[in-house]
Amino acid sequence: MAESEAAQEATGRELTMSRAMVEAIASEMEADEEVFVMGEDVADYGGIFDSTQGLLEQFGRDRIMDVPISETGFIGAAVGAAQAGMRPIAELMFVDFFGVTMDQIYNQMAKNTYMSGGSVSVPMVLMTAVGGTYNDAAQHSQTLYGTFAHLPGMKVVVPSNAYDAKGLMHRAIRADDPVVYMFHKRLMGLGWMPAPEGPKTPVPEDDYEIEFGEAAVKREGEDVTVVTLGLHVHRALEAAEDLADDVDVEVIDLRTLVPLDTEAVLDSVRKTGKLVVVDEDYRSFGVTGEIVARVAEEALDDLAAVERVAIPDVPIPYARPLEREVQPGVEDISRAVWAVHE
Amino acid sequence: MPTVNELQQMYEWMVTARHYEERLQEEYLEGKEPAFDISAGPIPGELHLAAGQEAAAAGVCAHLREADTVTGPHRPHHVAIAKGVDLERMTAEIFGRETGLCRGKGGHMHLFDPDVNFACSGIIAEGCPPAVGAAMAAKKRNTDDVAVAFLGEGAIDQGGFFESLNLAAVHDLPVLFVVEDNDWAISMPPERVTDVEYASERAGGFDMPGVRVEYDDAVAVYEAAEEAIGRARDGNGPTLLSVQVHRRMGHFMGDAQAYRPKSDVEFAKERDSIERMEAHLREAGVGDDEIESIRERAYQRVEDAIEWAKEQPEPDPETAYEDVFTEPAAGMHEPPAATGAPGGDE
């Protein structure tokens, strides 16, 4: 942590999360001709969420490839190219579209290393946009963090800010395993979908990696531990500030789900004894349950109270009052913190 | 050739749909200019409008009955209008209101009107398999109902499309696949991503007729659809129909279309299927006064629907927990109990 903070202070340059991701991809593509990008609208459009903005101009159509709306085809092709030793980055435009290509993801990409007894590697990045808050309804608003983290064989990365996004992208492209890189639309810094305060950060111009499985303590506190990821890191920090006069809240950003930094969570809960887990995914059988289970297994005696804040088990509705109802907000987090604190 | 009544009906659907999209564009952009924020303004979420694609919907739906099933893609309004979807409740849904078709849960990409057997989906090509299923039900029940799946040309590379064609063909199902070819899959022109020039060529591998309507002429679509739907009703199996249409607007509202040559946008606007339809009406002896009165009636219907929709209440937040199941499971999907507020007044 100290090292990355020093690095952040060393530069005054701030980037949006999308610019930070693009910078890492461009740098890896310059260094290694075997890295290329495939996806729908990644070339001339530059990615619907700006994740490949400007790369076509720099690298040309052979390396920044628009592909047909055929996710099984091109994500499967990325698996094959990766097994042939290249380092493809495939973009699944919305994570919600995984349904049309899940076999290539969970039966091929994620299992081939294991099924081959370790003789095959699949060094690819599957990057994908996640999350709601803009009323895009049930087929375009999910995060599905738990779905991907549940199925073995994929590393799962969820940056919450530009600094992490760059370091995690460098690490993901260099990884010899398949990495699912899940970026939240609301954090990208899009002109048409304003980001909250926080994801735009100073970013060093040099390359750097953030190791997988290292959570970040975003705010230190003594009373209650809030564990979260993605957009909700910022909402949790806002809730912590709102409650600062009454409750001293510690906020942990998991940053990667696979591998998961269980120790960081346990260290915090051993200190506070109170745990709130906040997730923009569905409540049941997901991230919140997993975090609570790990704490129960390893530190049950230290755990005095626990709350989960997540999407109730309903598809994400369209109308504004309905989406607001199911989407965990700052006040929902505050209420949960208050409930365990009492 | 359509009858004069059919010509008038098709024209009315087309001008209703065109005015609807233009008015929704205005409503949608309220509060979003000059700075476009997707969360501002009276209409939530994304909005994909179909101005320039009306001829395909009108020419096909002229042959359909209420019992026939239609599935649409994420750009569905013109098809919904021609299929007879309740315009007021559809509009209320698009504005996210309680009395909308889907109680505010679906939104403009996910409209369901079972009264006229219409549904649409936001996932590319995924309306095709359910259309095949509706056709399967019609065949098993020995009715002469048919199903029609509308999709864009960008969808013809998707697995769900290929699998649907094969399943429909192998069982001789009464289904029509209508590809509205507007030349753009968001930013991608077909020549970059698809290995056939026209979507109708896809039929070649599936033992079914592939027909292309070269211009967005509702009468030409009518004639092609007449044969295809007749074939389906007679038990002779599916057809793939491709119709050249034009995307007069961006992929979604807010799309600056930097990837698209300005000349292409101009071309799309010059190719006006509505003017073409007016020429057909005049040829059939319909006077300008009658054309004007159809247009005015259509405009008024749109204005009334929008006005009604905007007066409707927003849904009660607690209804978010309803409708997950037809038979709700005990203990599930109840609003969470209040756990006390920060500051503590519990």
# chains A, B, ... in the order shown; residues from 1 in each chain; ligands from 1
$ interface_residues --of "chain A" --to "chain B" --cutoff "7 Å" --atoms "only C-alpha atoms" --output "PyMOL selection string"
chain A and resi 41+44-45+67-70+134-137+139+192-194+313-314+317-322+325+334-335+338-339
$ residues_around --residues "Asn182 of chain B" --least-positions-apart "4" --cutoff "6 Å" --atoms "only C-alpha atoms" --output "list in words"
Val245, His246 and Arg247 of chain B
$ write_last_selection --atoms "C-alpha atoms" --output "short mmCIF file (atom, residue, chain, number, x, y, z; two decimals), in the first residue's frame"
data_model
loop_
_atom_site.label_atom_id
_atom_site.label_comp_id
_atom_site.auth_asym_id
_atom_site.auth_seq_id
_atom_site.Cartn_x
_atom_site.Cartn_y
_atom_site.Cartn_z
CA VAL B 245 -34.22 -0.12 -44.34
CA HIS B 246 -32.38 2.96 -43.12
CA ARG B 247 -31.24 4.11 -39.71
#
$ residues_around --residues "Thr288 of chain A" --least-positions-apart "5" --cutoff "8 Å" --atoms "only C-alpha atoms" --output "number ranges by chain"
A: 277-279, 283, 308-310
$ write_last_selection --atoms "N, CA and C atoms" --output "PDB file, in the first residue's frame"
ATOM      1  N   VAL A 277     -21.130  -6.524   4.548  1.00  0.00           N
ATOM      2  CA  VAL A 277     -20.647  -6.807   3.202  1.00  0.00           C
ATOM      3  C   VAL A 277     -21.619  -6.186   2.213  1.00  0.00           C
ATOM      4  N   VAL A 278     -21.083  -5.410   1.278  1.00  0.00           N
ATOM      5  CA  VAL A 278     -21.906  -4.671   0.320  1.00  0.00           C
ATOM      6  C   VAL A 278     -21.547  -5.127  -1.088  1.00  0.00           C
ATOM      7  N   ASP A 279     -22.580  -5.480  -1.848  1.00  0.00           N
ATOM      8  CA  ASP A 279     -22.341  -6.056  -3.169  1.00  0.00           C
ATOM      9  C   ASP A 279     -23.456  -5.599  -4.106  1.00  0.00           C
ATOM     10  N   ARG A 283     -28.218 -11.121  -3.892  1.00  0.00           N
ATOM     11  CA  ARG A 283     -27.896 -11.406  -2.495  1.00  0.00           C
ATOM     12  C   ARG A 283     -27.545 -12.877  -2.257  1.00  0.00           C
ATOM     13  N   ARG A 308     -25.694  -7.983   5.523  1.00  0.00           N
ATOM     14  CA  ARG A 308     -25.412  -8.001   4.080  1.00  0.00           C
ATOM     15  C   ARG A 308     -26.262  -6.950   3.386  1.00  0.00           C
ATOM     16  N   VAL A 309     -25.642  -6.245   2.443  1.00  0.00           N
ATOM     17  CA  VAL A 309     -26.382  -5.293   1.611  1.00  0.00           C
ATOM     18  C   VAL A 309     -26.114  -5.681   0.170  1.00  0.00           C
ATOM     19  N   ALA A 310     -27.165  -6.075  -0.555  1.00  0.00           N
ATOM     20  CA  ALA A 310     -26.986  -6.531  -1.928  1.00  0.00           C
ATOM     21  C   ALA A 310     -28.306  -6.377  -2.676  1.00  0.00           C
TER      22      ALA A 310
END
$ select_by_dssp --residues "segment 234-290 of chain A" --states "alpha helix (DSSP H)" --output "PDB file with C-alpha atoms, in the first residue's frame"
ATOM      1  CA  HIS A 234     -17.290   4.800  -3.318  1.00  0.00           C
ATOM      2  CA  ARG A 235     -20.760   4.453  -1.837  1.00  0.00           C
ATOM      3  CA  ALA A 236     -19.316   2.788   1.262  1.00  0.00           C
ATOM      4  CA  LEU A 237     -16.766   5.572   1.665  1.00  0.00           C
ATOM      5  CA  GLU A 238     -19.572   8.128   1.416  1.00  0.00           C
ATOM      6  CA  ALA A 239     -21.588   6.271   4.037  1.00  0.00           C
ATOM      7  CA  ALA A 240     -18.520   6.108   6.289  1.00  0.00           C
ATOM      8  CA  GLU A 241     -18.068   9.882   6.041  1.00  0.00           C
ATOM      9  CA  ASP A 242     -21.763  10.456   6.760  1.00  0.00           C
ATOM     10  CA  THR A 262      -9.326 -13.368   3.027  1.00  0.00           C
ATOM     11  CA  GLU A 263      -6.584 -12.251   5.415  1.00  0.00           C
ATOM     12  CA  ALA A 264      -7.314  -8.563   4.879  1.00  0.00           C
ATOM     13  CA  VAL A 265     -10.957  -9.168   5.763  1.00  0.00           C
ATOM     14  CA  LEU A 266     -10.094 -11.287   8.801  1.00  0.00           C
ATOM     15  CA  ASP A 267      -7.548  -8.767  10.090  1.00  0.00           C
ATOM     16  CA  SER A 268     -10.163  -6.042   9.965  1.00  0.00           C
ATOM     17  CA  VAL A 269     -12.948  -8.100  11.540  1.00  0.00           C
ATOM     18  CA  ARG A 270     -10.622  -9.215  14.340  1.00  0.00           C
ATOM     19  CA  LYS A 271     -10.184  -5.523  15.081  1.00  0.00           C
ATOM     20  CA  THR A 272     -13.783  -4.310  14.743  1.00  0.00           C
ATOM     21  CA  VAL A 287     -20.104 -12.526  -2.794  1.00  0.00           C
ATOM     22  CA  THR A 288     -21.794 -11.418   0.421  1.00  0.00           C
ATOM     23  CA  GLY A 289     -22.495 -14.974   1.527  1.00  0.00           C
ATOM     24  CA  GLU A 290     -18.955 -16.066   0.659  1.00  0.00           C
TER      25      GLU A 290
END
$ closest_residue --among "B:Leu101, B:Leu165, B:Leu173, B:Ala220" --to "Gly204 of chain B" --atoms "only C-alpha atoms"
B:Leu165
$ closest_atom_pairs --of "segment 134-175 of chain A" --to "segment 46-63 of chain A" --cutoff "12 Å" --atoms "only C-alpha atoms" --output "Markdown table"
| residue | atom | partner | partner_atom | distance |
| --- | --- | --- | --- | --- |
| A:Ala165 | CA | A:Ser51 | CA | 11.0 |
| A:Lys166 | CA | A:Ser51 | CA | 11.6 |
| A:Met169 | CA | A:Ser51 | CA | 11.3 |
$ closest_residue --among "A:Ala90, A:Met115, A:Met154, A:Ala24" --to "Ile64 of chain A" --atoms "only C-alpha atoms"
A:Ala90
$ closest_residue --among "A:Leu257, A:Ser116, A:Thr228, A:Val247" --to "Val156 of chain A" --atoms "only C-alpha atoms"
A:Leu257
$ residues_around --residues "Ala110 of chain A" --least-positions-apart "3" --cutoff "7 Å" --atoms "only C-alpha atoms" --output "number ranges by chain"
A: 105-107, 152-154, 178
$ atom_distance --atom1 "atom CA of Thr71 of chain B" --atom2 "atom CA of Gly76 of chain A"
28.3 Å
$ closest_residue --among "A:Gln108, A:Lys218, A:Val258, A:Met124" --to "Phe148 of chain A" --atoms "only C-alpha atoms"
A:Val258
$ atom_distance --atom1 "atom CA of Val340 of chain A" --atom2 "atom CA of Leu300 of chain A"
15.2 Å
$ residues_around --residues "Lys155 of chain A" --least-positions-apart "6" --cutoff "12 Å" --atoms "only C-alpha atoms" --output "PyMOL selection string"
chain A and resi 105-106+109-111+122-127+145+148-149+168+171-173+175-182+211-213+255-260
$ write_last_selection --atoms "C-alpha atoms" --output "mmCIF file, in the first residue's frame"
data_model
loop_
_atom_site.group_PDB
_atom_site.id
_atom_site.type_symbol
_atom_site.label_atom_id
_atom_site.label_comp_id
_atom_site.auth_asym_id
_atom_site.auth_seq_id
_atom_site.Cartn_x
_atom_site.Cartn_y
_atom_site.Cartn_z
ATOM 1 C CA ILE A 105 -16.128 -19.108 -20.904
ATOM 2 C CA TYR A 106 -16.787 -21.700 -18.227
ATOM 3 C CA MET A 109 -11.547 -20.981 -21.124
ATOM 4 C CA ALA A 110 -11.817 -21.765 -17.423
ATOM 5 C CA LYS A 111 -11.292 -25.543 -17.487
ATOM 6 C CA VAL A 122 -5.110 -19.859 -21.573
ATOM 7 C CA PRO A 123 -3.468 -16.428 -21.145
ATOM 8 C CA MET A 124 -6.365 -14.203 -22.157
ATOM 9 C CA VAL A 125 -8.295 -11.295 -20.714
ATOM 10 C CA LEU A 126 -12.074 -11.249 -20.946
ATOM 11 C CA MET A 127 -12.990 -7.662 -20.186
ATOM 12 C CA TYR A 145 -19.566 -10.995 -9.830
ATOM 13 C CA PHE A 148 -17.851 -15.777 -12.457
ATOM 14 C CA ALA A 149 -16.126 -16.086 -9.100
ATOM 15 C CA LEU A 168 -4.654 -4.687 -12.604
ATOM 16 C CA ARG A 171 -1.137 -7.794 -14.409
ATOM 17 C CA ALA A 172 -4.101 -9.331 -16.250
ATOM 18 C CA ILE A 173 -2.506 -9.145 -19.700
ATOM 19 C CA ALA A 175 -1.024 -13.371 -16.489
ATOM 20 C CA ASP A 176 -0.739 -16.899 -17.825
ATOM 21 C CA ASP A 177 -4.323 -17.642 -16.774
ATOM 22 C CA PRO A 178 -7.671 -16.412 -18.036
ATOM 23 C CA VAL A 179 -8.643 -13.196 -16.266
ATOM 24 C CA VAL A 180 -12.164 -11.803 -16.231
ATOM 25 C CA TYR A 181 -11.723 -8.044 -15.927
ATOM 26 C CA MET A 182 -15.035 -6.519 -14.801
ATOM 27 C CA GLU A 211 -0.853 -8.246 -7.675
ATOM 28 C CA PHE A 212 -4.053 -10.275 -7.602
ATOM 29 C CA GLY A 213 -5.363 -11.221 -4.174
ATOM 30 C CA ARG A 255 -10.121 -5.476 -5.889
ATOM 31 C CA THR A 256 -9.991 -9.150 -6.925
ATOM 32 C CA LEU A 257 -12.486 -11.900 -6.108
ATOM 33 C CA VAL A 258 -10.338 -14.744 -7.399
ATOM 34 C CA PRO A 259 -7.978 -14.907 -5.668
ATOM 35 C CA LEU A 260 -9.641 -13.387 -2.615
#
